[in-house]
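J.: Once you've had a glance at the structure underneath, I'll fire off some questions.
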Amino acid sequence: MFRTTLQFIPGGPVVTGEWTEDATARKAWRDWIGLYGSDEKVTVRVIETADGLTTDIAVWEHGRVTWPPEDSSPAT
């Protein structure tokens with residue numbers, strides 16, 4: 001399962017979308033960055049959950065991609 005989350009302020013409420021396809025979650029991630037990413041307080045994540053473990057796949061915060069490192073960014 002892949003989840004994309006959008007948080008407008010640290011500690012604030014979270015908007016969540018869940019998909020079975022990685023590509024769909026990454027598209028939502030890019031779309032949400034396009035809509036809200038200019039605000040330095042916004043955090044957008046793609047999170048994978050498998051076998052009870054969660055892993056960040058992509059993270060946008062502080063106005064830039066912070067995970068994964070730039071050379072393997074899904075935004076490019």
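Ordering of the structure tokens sets the chain letters (A, B, ...), residue numbers begin anew at 1 in every chain, and ligands are numbered from 1 in the order given.
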Would you kindly return, as a CSV table (one decimal) with N, CA and C atoms, in the first residue's frame, each protein, DNA or RNA residue with an atom no farther than 6 Å from any atom of segment 57-65 of chain A, considering only C-alpha atoms and excluding same-chain residues fewer than 6 positions away?

T.:
```
chain,number,residue,atom,x,y,z
A,40,GLU,N,6.6,27.1,2.5
A,40,GLU,CA,7.7,26.4,3.3
A,40,GLU,C,7.3,25.5,4.4
A,43,THR,N,4.5,19.9,4.1
A,43,THR,CA,5.2,18.7,3.9
A,43,THR,C,4.3,17.7,3.1
A,44,VAL,N,4.9,17.1,2.1
A,44,VAL,CA,4.2,16.1,1.3
A,44,VAL,C,5.1,14.8,1.3
A,45,ARG,N,4.5,13.7,1.6
A,45,ARG,CA,5.2,12.4,1.7
A,45,ARG,C,4.5,11.3,0.8
A,46,VAL,N,5.3,10.4,0.3
A,46,VAL,CA,4.9,9.1,-0.2
A,46,VAL,C,5.4,8.1,0.8
A,47,ILE,N,4.6,7.3,1.3
A,47,ILE,CA,5.0,6.3,2.3
A,47,ILE,C,4.5,4.9,1.8
```

J.: Find the spatial neighbours of Ala50 of chain A, counting only C-alpha atoms, within a cut-off of 12 Å - ignore same-chain residues fewer than 2 positions away - and output them as a ChimeraX atom specification.

T.: /A:1-3,20,47-48,52-56

J.: From chain A, collect each residue whose DSSP state is helix (DSSP H, G or I) and return the set as a count of residues only.

T.: 18

J.: What is the atom CA of Pro10 of chain A to atom CA of Lys41 of chain A distance in Å?

T.: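 One can read the atom CA of Pro10 of chain A to atom CA of Lys41 of chain A distance as 7.0 Å.
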
J.: Applying 6 Å and only C-alpha atoms, which residues near Gln7 of chain A remain after dropping the ones on its own chain fewer than 2 positions away? List them as a JSON list (two decimals) with all heavy atoms, in the first residue's frame.

T.:
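selection-v5.json was written with the following content:
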```
[["chain", "number", "residue", "atom", "x", "y", "z"],
["A", 9, "ILE", "N", 0.92, 22.47, 8.13],
["A", 9, "ILE", "CA", 1.76, 23.01, 9.20],
["A", 9, "ILE", "C", 2.24, 21.83, 10.06],
["A", 9, "ILE", "O", 1.52, 20.84, 10.21],
["A", 9, "ILE", "CB", 1.04, 24.05, 10.08],
["A", 9, "ILE", "CG1", -0.21, 23.46, 10.72],
["A", 9, "ILE", "CG2", 0.72, 25.30, 9.32],
["A", 9, "ILE", "CD1", -0.85, 24.32, 11.78],
["A", 14, "VAL", "N", -3.64, 16.09, 8.72],
["A", 14, "VAL", "CA", -3.01, 15.49, 7.54],
["A", 14, "VAL", "C", -4.09, 15.07, 6.54],
["A", 14, "VAL", "O", -5.06, 14.42, 6.92],
["A", 14, "VAL", "CB", -2.16, 14.27, 7.94],
["A", 14, "VAL", "CG1", -1.53, 13.61, 6.72],
["A", 14, "VAL", "CG2", -1.08, 14.67, 8.93],
["A", 42, "VAL", "N", 4.68, 23.45, 4.26],
["A", 42, "VAL", "CA", 4.01, 22.25, 3.72],
["A", 42, "VAL", "C", 4.97, 21.08, 3.65],
["A", 42, "VAL", "O", 6.12, 21.21, 3.25],
["A", 42, "VAL", "CB", 3.43, 22.55, 2.32],
["A", 42, "VAL", "CG1", 3.02, 21.28, 1.60],
["A", 42, "VAL", "CG2", 2.24, 23.49, 2.45],
["A", 43, "THR", "N", 4.47, 19.91, 4.07],
["A", 43, "THR", "CA", 5.19, 18.65, 3.92],
["A", 43, "THR", "C", 4.31, 17.69, 3.13],
["A", 43, "THR", "O", 3.13, 17.53, 3.45],
["A", 43, "THR", "CB", 5.53, 18.03, 5.30],
["A", 43, "THR", "OG1", 6.33, 18.95, 6.03],
["A", 43, "THR", "CG2", 6.27, 16.72, 5.14]]
```

J.: Could you tell me how far atom CA of Trp32 of chain A lies from atom CA of Pro69 of chain A, in Å and to one decimal?

T.: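 It comes out at 19.5 Å.
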
J.: Please identify which residues in chain A DSSP calls strand (DSSP E) from the backbone, and express them as number ranges by chain.

T.: A: 2-7, 14-19, 43-50, 53-61, 64-67

J.: To one decimal place, how far is atom CA of Thr49 of chain A from atom CA of Thr16 of chain A in Å?

T.: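 Atom CA of Thr16 of chain A lies 13.7 Å from atom CA of Thr49 of chain A.
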